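Asks: The structure follows.
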Amino acid sequence: MEMTQTPHNITERARRQRREMSLAGKILWQRLRGNRISGHKFRRQHPISGYIVDFACVQHRLVVELDTGARPTGEALQRERRRMLDLMHEGWTVLRLG
C-alpha cells in the first residue's frame with residue numbers, strides 16, 4: 001500500500017535522503033553545489049510534483065538522476081518510467097547518470 005505524499009511527508013523524506021546520500025551522490029553534489037557549474041544553482045533531493053529528484057536546476061528545469069543501485073525491473077521499472085514521463089510532462093529535462 002502506497003502512502004499518500006503530503007507536503008510535510010515529502011519534505012521530511014527529502015531531508016532524510018539528504019542525510020543518507022550515497023558516496024556517488026556526495027561526490028556529484030560537491031561538483032554541483034555553490035553555483036560551480038557555470039553559475040547555475042542546483043538543489044539536492046528536491047521535491048517536484050510529488051517526487052524527490054536527486055539534483056535539480058530549477059532555473060533551467062533540469063533534473064539530474066544518479067543511478068547507483070541495481071537496475072529496476074518489473075513494477076519498479078514501470079514506476080521509474082512513469083516518474084520520468086511525469087517530470088517531462090511538467091516541462092523538466094531528465095538526465096540519468098549511472
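In the C-alpha cells, the first chain shown is A, the next is B, and so on; residue numbers restart at 1 for each chain, and ligands run from 1 in the order shown.
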According to DSSP computed on the backbone, where in segment 28-92 of chain A is there strand (DSSP E or B)? Give the residues as a PyMOL selection string.
Replies: chain A and resi 37+40+43-48+51-57+62-66
Asks: I want to know what sits within 12 Å of Gly39 of chain A, based on only C-alpha atoms, with residues of the same chain fewer than 6 positions away left out; could you give that as a short mmCIF file (atom, residue, chain, number, x, y, z; two decimals) with C-alpha atoms, in the first residue's frame?
Replies:
```
data_model
loop_
_atom_site.label_atom_id
_atom_site.label_comp_id
_atom_site.auth_asym_id
_atom_site.auth_seq_id
_atom_site.Cartn_x
_atom_site.Cartn_y
_atom_site.Cartn_z
CA ARG A 31 30.73 19.36 -8.06
CA LEU A 32 27.23 20.86 -8.39
CA ARG A 33 26.88 22.89 -5.19
CA CYS A 57 18.49 23.19 -11.53
CA GLN A 59 16.15 27.90 -13.44
CA HIS A 60 16.67 25.56 -16.42
#
```
Asks: Could you please determine the separation between atom CA of Asn9 of chain A and atom CA of Gly98 of chain A in Å, to one decimal place?
Replies: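 Between atom CA of Asn9 of chain A and atom CA of Gly98 of chain A the gap works out to 27.5 Å.
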Asks: Within 8 Å of Asp67 of chain A, counting only C-alpha atoms, which residues show up once you throw out same-chain ones fewer than 3 positions away? Write them as a list in words, please.
Replies: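 Residues near the query, excluding close chain neighbours: Arg71, Arg96, Leu97 and Gly98 of chain A.
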Asks: Could you work out how far atom CA of Ile37 of chain A lies from atom CA of Thr93 of chain A, giving the answer in Å with one decimal?
Replies: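 Taking atom CA of Thr93 of chain A as the start and atom CA of Ile37 of chain A as the end point, the length is 16.9 Å.
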Asks: Taking 6 positions as the minimum chain separation for residues in the same chain, which residues sit within 10 Å of Glu90 of chain A when counting only C-alpha atoms? Answer as a PyMOL selection string.
Replies: chain A and resi 48-49+61+84
